[in-house]
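Undergrad: Next comes data27.txt, compact mmCIF, C-alpha atoms:
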# COMPACT_ATOMS: atom_id res chain seq x y z
CA MET A 20 -14.28 -17.94 9.03
CA THR A 21 -17.18 -15.53 8.67
CA ASP A 22 -19.30 -16.23 5.60
CA ASP A 23 -18.39 -12.99 3.80
CA LEU A 24 -14.69 -13.96 3.73
CA GLY A 25 -15.22 -17.68 3.19
CA TYR A 26 -13.74 -19.42 0.18
CA GLU A 27 -17.01 -19.61 -1.75
CA ALA A 28 -17.82 -15.93 -1.20
CA LEU A 29 -14.31 -14.84 -2.18
CA THR A 30 -14.03 -16.96 -5.30
CA ALA A 31 -17.44 -15.79 -6.44
CA ALA A 32 -16.34 -12.17 -5.97
CA VAL A 33 -12.87 -12.32 -7.53
CA GLY A 34 -13.50 -14.81 -10.33
CA GLY A 35 -10.57 -17.02 -11.31
CA ARG A 36 -7.99 -15.25 -9.16
CA PRO A 37 -6.07 -17.69 -6.88
CA VAL A 38 -7.27 -17.23 -3.28
CA ARG A 39 -6.24 -18.41 0.15
CA THR A 40 -8.52 -17.54 3.05
CA TYR A 41 -8.15 -18.28 6.76
CA PRO A 42 -10.13 -17.67 9.97
CA ALA A 43 -6.88 -16.62 11.68
CA LEU A 44 -3.27 -16.18 10.65
CA LEU A 45 -0.04 -14.70 11.96
CA SER A 46 -0.18 -12.29 9.01
CA THR A 47 -1.42 -12.41 5.44
CA GLU A 48 1.88 -10.84 4.37
CA ALA A 49 3.93 -13.73 5.75
CA ASP A 50 1.71 -16.27 3.98
CA ALA A 51 1.77 -14.30 0.72
CA LEU A 52 5.57 -13.95 0.87
CA ALA A 53 5.96 -17.71 1.20
CA TRP A 54 3.46 -18.25 -1.63
CA ALA A 55 5.28 -15.76 -3.86
CA ARG A 56 8.59 -17.53 -3.27
CA ALA A 57 6.84 -20.75 -4.35
CA ASP A 58 5.80 -19.09 -7.66
CA ALA A 59 2.34 -17.77 -6.80
CA PRO A 60 0.96 -16.06 -9.90
CA ASP A 61 0.41 -12.33 -10.27
CA GLY A 62 -2.77 -11.33 -8.47
CA ALA A 63 -2.87 -14.23 -6.01
CA VAL A 64 -4.50 -13.02 -2.80
CA VAL A 65 -4.38 -14.06 0.87
CA VAL A 66 -7.18 -13.04 3.26
CA ALA A 67 -7.68 -13.63 6.98
CA ASP A 68 -10.42 -12.43 9.29
CA TYR A 69 -7.97 -12.23 12.22
CA GLN A 70 -4.24 -11.54 12.09
CA ALA A 71 -2.05 -11.88 15.17
CA ALA A 72 0.75 -9.64 13.87
CA PRO A 73 -0.35 -7.66 10.82
CA ARG A 74 2.17 -5.12 9.60
CA GLY A 75 2.27 -2.33 7.05
CA ARG A 76 5.02 -0.15 5.60
CA SER A 77 8.46 -0.68 7.15
CA GLY A 78 7.02 -3.21 9.59
CA LEU A 79 4.70 -0.73 11.31
CA LEU A 80 2.16 -2.62 13.42
CA TRP A 81 -1.45 -2.63 12.28
CA GLN A 82 -4.54 -3.64 14.22
CA VAL A 83 -7.12 -5.77 12.42
CA VAL A 84 -10.51 -6.17 14.10
CA PRO A 85 -12.16 -9.51 13.21
CA GLY A 86 -15.56 -9.23 11.58
CA ARG A 87 -15.15 -5.50 10.98
CA ASP A 88 -11.90 -4.72 9.14
CA LEU A 89 -10.74 -5.98 5.74
CA ALA A 90 -7.05 -6.88 5.57
CA PHE A 91 -5.36 -8.89 2.85
CA SER A 92 -2.14 -9.30 0.87
CA VAL A 93 -1.76 -9.67 -2.88
CA VAL A 94 1.17 -10.99 -4.90
CA LEU A 95 2.31 -8.66 -7.69
CA ARG A 96 4.72 -9.39 -10.52
CA PRO A 97 5.18 -5.94 -12.06
CA GLN A 98 7.43 -5.01 -14.96
CA LEU A 99 9.28 -2.43 -12.93
CA ALA A 100 12.90 -1.30 -12.70
CA LEU A 101 14.33 -1.91 -9.25
CA GLU A 102 15.10 1.77 -8.68
CA ARG A 103 11.37 2.48 -9.13
CA GLU A 104 10.09 0.05 -6.50
CA GLY A 105 8.47 2.87 -4.50
CA TRP A 106 6.14 3.52 -7.45
CA LEU A 107 3.95 0.67 -6.18
CA TYR A 108 2.90 2.89 -3.25
CA SER A 109 1.70 5.56 -5.70
CA VAL A 110 -0.23 3.03 -7.78
CA ILE A 111 -1.92 1.29 -4.86
CA THR A 112 -2.82 4.37 -2.82
CA LEU A 113 -4.38 5.90 -5.92
CA ALA A 114 -6.30 2.67 -6.56
CA LEU A 115 -7.58 2.82 -2.98
CA CYS A 116 -8.72 6.41 -3.58
CA ASP A 117 -10.67 5.17 -6.61
CA VAL A 118 -12.54 2.77 -4.34
CA CYS A 119 -12.90 4.98 -1.26
CA GLY A 120 -14.62 7.87 -3.04
CA ASP A 121 -14.13 11.25 -4.66
CA ASP A 122 -13.31 12.88 -1.32
CA ALA A 123 -10.53 10.37 -0.52
CA ARG A 124 -7.04 11.84 -0.39
CA ILE A 125 -3.53 10.40 -0.09
CA ARG A 126 -1.29 11.03 2.89
CA TRP A 127 2.08 10.13 1.42
CA PRO A 128 3.26 7.47 1.19
CA ASP A 129 0.92 4.79 2.52
CA GLU A 130 -2.43 6.10 3.77
CA VAL A 131 -5.74 7.15 2.24
CA ARG A 132 -7.91 9.49 4.30
CA ARG A 133 -11.25 11.20 4.25
CA GLY A 134 -10.72 14.35 6.26
CA ASP A 135 -8.74 13.30 9.34
CA ILE A 136 -9.93 9.69 9.24
CA ARG A 137 -7.74 6.94 7.83
CA VAL A 138 -9.84 4.78 5.52
CA ALA A 139 -7.07 2.63 4.00
CA ALA A 140 -3.39 1.85 4.35
CA VAL A 141 -0.83 -0.15 2.38
CA GLY A 142 2.55 -1.74 2.97
CA VAL A 143 4.71 -3.11 0.16
CA HIS A 144 7.47 -5.72 0.34
CA VAL A 145 9.63 -5.89 -2.80
CA GLU A 146 11.85 -8.80 -3.78
CA PRO A 147 14.72 -7.48 -5.91
CA GLY A 148 15.95 -9.21 -9.03
CA PRO A 149 19.26 -8.51 -10.82
CA ARG A 150 17.97 -5.39 -12.58
CA ALA A 151 14.23 -5.28 -11.90
CA VAL A 152 11.62 -6.09 -9.29
CA ALA A 153 11.24 -9.88 -9.24
CA TRP A 154 7.94 -9.76 -7.37
CA ALA A 155 6.21 -7.85 -4.61
CA VAL A 156 3.60 -8.40 -1.92
CA ALA A 157 1.23 -5.53 -1.14
CA SER A 158 -0.69 -5.68 2.14
CA VAL A 159 -3.84 -3.59 2.40
CA LEU A 160 -5.95 -2.57 5.40
CA LEU A 161 -9.43 -1.04 5.20
CA PRO A 162 -10.88 -0.45 8.68
CA ASP A 163 -14.55 -0.34 9.66
CA VAL A 164 -15.94 -2.10 6.61
CA ALA A 165 -19.61 -2.98 6.56
CA PRO A 166 -20.15 -6.62 5.53
CA PRO A 167 -20.16 -8.28 3.12
CA ARG A 168 -16.46 -7.58 2.64
CA SER A 169 -15.79 -9.80 -0.39
CA PRO A 170 -17.27 -7.35 -2.95
CA LEU A 171 -15.07 -4.56 -1.57
CA LEU A 172 -12.02 -6.79 -1.82
CA ALA A 173 -12.88 -7.49 -5.46
CA ARG A 174 -13.23 -3.76 -6.19
CA VAL A 175 -9.86 -2.97 -4.62
CA LEU A 176 -8.11 -5.71 -6.58
CA ALA A 177 -9.72 -4.55 -9.82
CA ALA A 178 -8.68 -0.95 -9.09
CA ILE A 179 -5.07 -2.05 -8.47
CA ASP A 180 -5.10 -3.91 -11.79
CA ARG A 181 -6.46 -0.84 -13.62
CA ARG A 182 -3.99 1.57 -12.06
CA SER A 183 -1.09 -0.81 -12.68
CA ALA A 184 -1.96 -0.81 -16.38
CA SER A 185 -2.47 2.97 -16.63
CA PRO A 186 0.17 5.23 -18.24
CA PRO A 187 2.64 6.32 -15.54
CA ALA A 188 2.30 10.01 -16.46
CA GLU A 189 -1.47 9.83 -15.91
CA THR A 190 -1.08 8.02 -12.59
CA LEU A 191 1.56 10.49 -11.40
CA ALA A 192 -0.59 13.52 -12.26
CA GLU A 193 -3.60 12.09 -10.45
CA HIS A 194 -1.48 11.02 -7.48
CA ARG A 195 -0.12 14.54 -7.13
CA ALA A 196 -3.63 15.99 -7.36
CA ARG A 197 -4.85 13.70 -4.57
CA CYS A 198 -1.81 13.94 -2.29
CA THR A 199 -2.45 16.32 0.60
CA THR A 200 1.15 16.01 1.80
CA ILE A 201 2.29 18.19 -1.12
CA GLY A 202 2.52 21.80 0.02
CA ARG A 203 2.89 20.93 3.72
CA ARG A 204 5.86 21.39 5.99
CA VAL A 205 7.09 17.88 6.80
CA ARG A 206 9.67 16.12 8.91
CA ALA A 207 10.77 12.79 7.43
CA ALA A 208 12.88 10.32 9.43
CA LEU A 209 14.67 7.74 7.30
CA LEU A 210 15.60 4.14 7.98
CA PRO A 211 17.25 2.67 9.95
CA MET A 212 14.93 3.58 12.80
CA GLY A 213 16.15 5.13 16.01
CA PRO A 214 17.23 8.39 17.62
CA ASN A 215 20.08 8.79 15.10
CA ALA A 216 17.88 8.34 12.03
CA ARG A 217 18.59 10.84 9.26
CA ARG A 218 15.91 13.53 9.08
CA VAL A 219 14.78 15.67 6.17
CA ILE A 220 12.81 18.81 7.07
CA GLY A 221 11.17 21.19 4.66
CA THR A 222 8.17 21.69 2.38
CA ALA A 223 6.84 18.76 0.37
CA ALA A 224 7.02 19.95 -3.23
CA SER A 225 6.03 17.01 -5.43
CA THR A 226 6.16 13.26 -6.00
CA LEU A 227 8.18 11.38 -8.62
CA LYS A 228 7.84 8.34 -10.90
CA ASP A 229 9.75 6.24 -8.39
CA GLY A 230 7.21 7.09 -5.65
CA ALA A 231 9.57 9.47 -3.85
CA LEU A 232 8.45 12.65 -2.13
CA VAL A 233 10.49 15.73 -3.09
CA VAL A 234 11.20 17.93 -0.07
CA SER A 235 12.50 21.48 -0.47
CA THR A 236 14.65 22.11 2.59
CA ASP A 237 15.22 25.44 4.30
CA GLU A 238 18.82 25.31 3.04
CA GLY A 239 17.61 25.40 -0.55
CA ALA A 240 18.20 21.73 -1.38
CA ARG A 241 15.65 19.42 -2.99
CA VAL A 242 15.76 15.97 -1.42
CA ALA A 243 13.93 12.94 -2.82
CA VAL A 244 12.66 10.66 -0.03
CA PRO A 245 11.75 7.14 -1.30
CA PRO A 246 8.86 5.47 0.53
CA GLN A 247 10.86 2.27 1.00
CA SER A 248 13.54 4.28 2.87
CA LEU A 249 11.07 6.04 5.15
CA TRP A 250 10.54 5.34 8.84
CA LEU A 251 8.19 8.16 9.75
CA VAL A 252 6.78 11.30 8.15
CA GLU A 253 4.84 13.93 10.07
CA ASP A 254 3.83 17.57 9.78
CA ASP A 255 6.61 19.85 10.94
As C-alpha cells, how would this structure be written, given the file I've shared?

TA:
Amino acid sequence: MTDDLGYEALTAAVGGRPVRTYPALLSTEADALAWARADAPDGAVVVADYQAAPRGRSGLLWQVVPGRDLAFSVVLRPQLALEREGWLYSVITLALCDVCGDDARIRWPDEVRRGDIRVAAVGVHVEPGPRAVAWAVASVLLPDVAPPRSPLLARVLAAIDRRSASPPAETLAEHRARCTTIGRRVRAALLPMGPNARRVIGTAASTLKDGALVVSTDEGARVAVPPQSLWLVEDD
C-alpha cells in the first residue's frame, strides 16, 4: 500500500470513521457490501490502491490506476423511503461538485465533469428493507488525483455527510442548477440491458426528489427515468 492510502494516513485524515484499506482488492464495493451485511456502521469506508474489477452504476466497468486514482466505497444508512433510493445519486454527485470546484457540473445521473473531462463518478447499491432503504454502498471514483490522496478522501466524505443532512429542497435546487443534462436532447436506455431495452427519447426537463430525470418526449409525455433503472443515457 502506498503511504498516502495506508491505515495511519487514512485514520489521521478521517478521524474516528471505521476504515479498511488494502493494497489490492477485487473491488471496494464487494468488500463494503459484505461489511454492510455484517452491520458496518454508517460512514464506514473501504479503500484500495488497486482494484481488479471496480464497477460503478449498474455494474459499468471502471478503470482504477494504482498510485494515481482515488477509488473507495462507503457504507450509508440513510433514513430514506425505498421509492426515493435514486436520491442518493443526487446527494453524492452534488457533494462531489462541492469538492471538485465551482466549475464542476453534473452529467446525470452519475458523473461530475469540468468541461468535457470526467473528474468524478459514483455508483450506488441499495439494499431494500420492508418500507425503506435498509442500507446502501456508494462507490466513488476520482481519476488523476495528485497525492496525497487521503485528505481528498476526507473532504469527499465530509461533503457527503453535509449534503446528506441538507434540506432536500435545497439539494434539489442546487442539483438542478449544476446539472448540464437538463435542457439537452437525450436518449435513455433502461434496464435490463440489451438490444430490446426500453428507450426514452426527448428533452431533459428537470430532476425530482427521487433522483429521477424528467424527459419530455416528442409525443408530449413526461417520463420520469430513475437512475437505478438506467442502463445508458446519451445526447440524442

Undergrad: One decimal, Å: what's the distance from CA of Leu44 (chain A) over to CA of Val156 (chain A), could you say?

TA: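 Between these atoms lies a distance of 16.3 Å.
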
Undergrad: Set the distance at 10 Å and use all atoms listed in the file: which residues neighbour Ala43 (chain A) once local chain neighbours fewer than 4 positions away are removed? I'd like the list as a PyMOL selection string.

TA: chain A and resi 20+47+66-71+85

Undergrad: Residues near Ala184 (chain A), anyone? I mean within 12 Å using all atoms listed in the file, not counting same-chain ones fewer than 5 positions away, as a list in words.

TA: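 That gives Pro97, Gln98, Leu99, Leu107, Val110, Ile111, Ala114, Ala177, Ala178, Ile179, Glu189 and Thr190 of chain A.
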
Undergrad: Given all atoms listed in the file as the basis, pick out the residue of A:Gly75, A:Pro170, A:Gly62, A:Gly202 nearest to Ser158 (chain A).

TA: A:Gly75

Undergrad: Which is closer to Leu115 (chain A) than all the others in A:Val94, A:Ala100, A:Val159, A:Val242, using only C-alpha atoms?

TA: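 Ranked by minimum distance to Leu115 (chain A), first place goes to A:Val159.
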
Undergrad: What is the CA of Leu80 (chain A) to CA of Arg168 (chain A) distance in Å?

TA: 22.1 Å

Undergrad: Using only C-alpha atoms, which of A:Trp81, A:Trp54, A:Trp154, A:Phe91 sits nearest Val175 (chain A)?

TA: A:Phe91

Undergrad: Enumerate, as a ChimeraX atom specification, the protein, DNA and RNA residues whose atoms approach (3.3, 20.7, 4.8) to within 7 Å, taking into account all atoms listed in the file and the coordinate frame of the file.

TA: /A:200-205,222-223,254

Undergrad: What separation in Å, quoted to one decimal, exists between CA of Leu209 (chain A) and CA of Ser248 (chain A)?

TA: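 Those two atoms sit 5.7 Å apart.
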
Undergrad: Which is closer to Ala157 (chain A) than all the others in A:Lys228, A:Arg96, A:Arg241, A:Arg132, using only C-alpha atoms?

TA: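 The answer is A:Arg96, which sits nearest to Ala157 (chain A).
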
Undergrad: Quick one: residues within 7 Å of Gly105 (chain A), only C-alpha atoms counted, chain neighbours fewer than 5 positions away excluded, as a list in words?

TA: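 Returned residues: Asp229, Gly230, Ala231, Pro245, Pro246 and Gln247 of chain A.
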
Undergrad: Find the residues near Val131 (chain A): any atom within 8 Å, counting all atoms listed in the file, skip ones fewer than 5 places away on the same chain, and give them as a list in words.

TA: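 Contacts, with the query itself left out: Thr112, Leu115, Cys116, Ala123, Arg124, Ile125, Arg126, Arg137, Val138, Ala139 and Ala140 of chain A.
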
Undergrad: Which of these residues is nearest to Pro147 (chain A), using only C-alpha atoms: A:Leu232, A:Ala173, A:Arg103, A:Asp121?

TA: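 Nearest candidate to Pro147 (chain A) out of A:Leu232, A:Ala173, A:Arg103, A:Asp121: A:Arg103.
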
Undergrad: Here's a test: counting all atoms listed in the file, identify every protein, DNA and RNA residue with an atom at most 10 Å from (-9.6, 15.7, -7.3) in the file's coordinate frame, and state them as a ChimeraX atom specification.

TA: /A:121-124,193-198

Undergrad: Could you take the residues named above and write them with C-alpha atoms, as a PDB file, keeping the file's coordinate frame?

TA:
ATOM      1  CA  ASP A 121     -14.130  11.250  -4.660  1.00  0.00           C
ATOM      2  CA  ASP A 122     -13.310  12.880  -1.320  1.00  0.00           C
ATOM      3  CA  ALA A 123     -10.530  10.370  -0.520  1.00  0.00           C
ATOM      4  CA  ARG A 124      -7.040  11.840  -0.390  1.00  0.00           C
ATOM      5  CA  GLU A 193      -3.600  12.090 -10.450  1.00  0.00           C
ATOM      6  CA  HIS A 194      -1.480  11.020  -7.480  1.00  0.00           C
ATOM      7  CA  ARG A 195      -0.120  14.540  -7.130  1.00  0.00           C
ATOM      8  CA  ALA A 196      -3.630  15.990  -7.360  1.00  0.00           C
ATOM      9  CA  ARG A 197      -4.850  13.700  -4.570  1.00  0.00           C
ATOM     10  CA  CYS A 198      -1.810  13.940  -2.290  1.00  0.00           C
TER      11      CYS A 198
END

Undergrad: Counting all atoms listed in the file, figure out which residue out of A:Pro128, A:Pro149, A:Gly221, A:Pro214 gets nearest to Thr199 (chain A).

TA: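 So, comparing all the options, the nearest one is A:Pro128.
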
Undergrad: What's around Arg217 (chain A) at 12 Å? Count all atoms listed in the file, leave out sequence neighbours fewer than 2 positions away in its own chain, and write the answer as a list in words.

TA: Arg206, Ala207, Ala208, Leu209, Leu210, Pro211, Met212, Gly213, Pro214, Asn215, Val219, Ile220, Val244, Ser248, Leu249, Trp250, Leu251 and Val252 of chain A

Undergrad: Okay, now the selection with C-alpha atoms, as a compact mmCIF listing (two decimals), keeping the file's coordinate frame?

TA:
# COMPACT_ATOMS: atom_id res chain seq x y z
CA ARG A 206 9.67 16.12 8.91
CA ALA A 207 10.77 12.79 7.43
CA ALA A 208 12.88 10.32 9.43
CA LEU A 209 14.67 7.74 7.30
CA LEU A 210 15.60 4.14 7.98
CA PRO A 211 17.25 2.67 9.95
CA MET A 212 14.93 3.58 12.80
CA GLY A 213 16.15 5.13 16.01
CA PRO A 214 17.23 8.39 17.62
CA ASN A 215 20.08 8.79 15.10
CA VAL A 219 14.78 15.67 6.17
CA ILE A 220 12.81 18.81 7.07
CA VAL A 244 12.66 10.66 -0.03
CA SER A 248 13.54 4.28 2.87
CA LEU A 249 11.07 6.04 5.15
CA TRP A 250 10.54 5.34 8.84
CA LEU A 251 8.19 8.16 9.75
CA VAL A 252 6.78 11.30 8.15
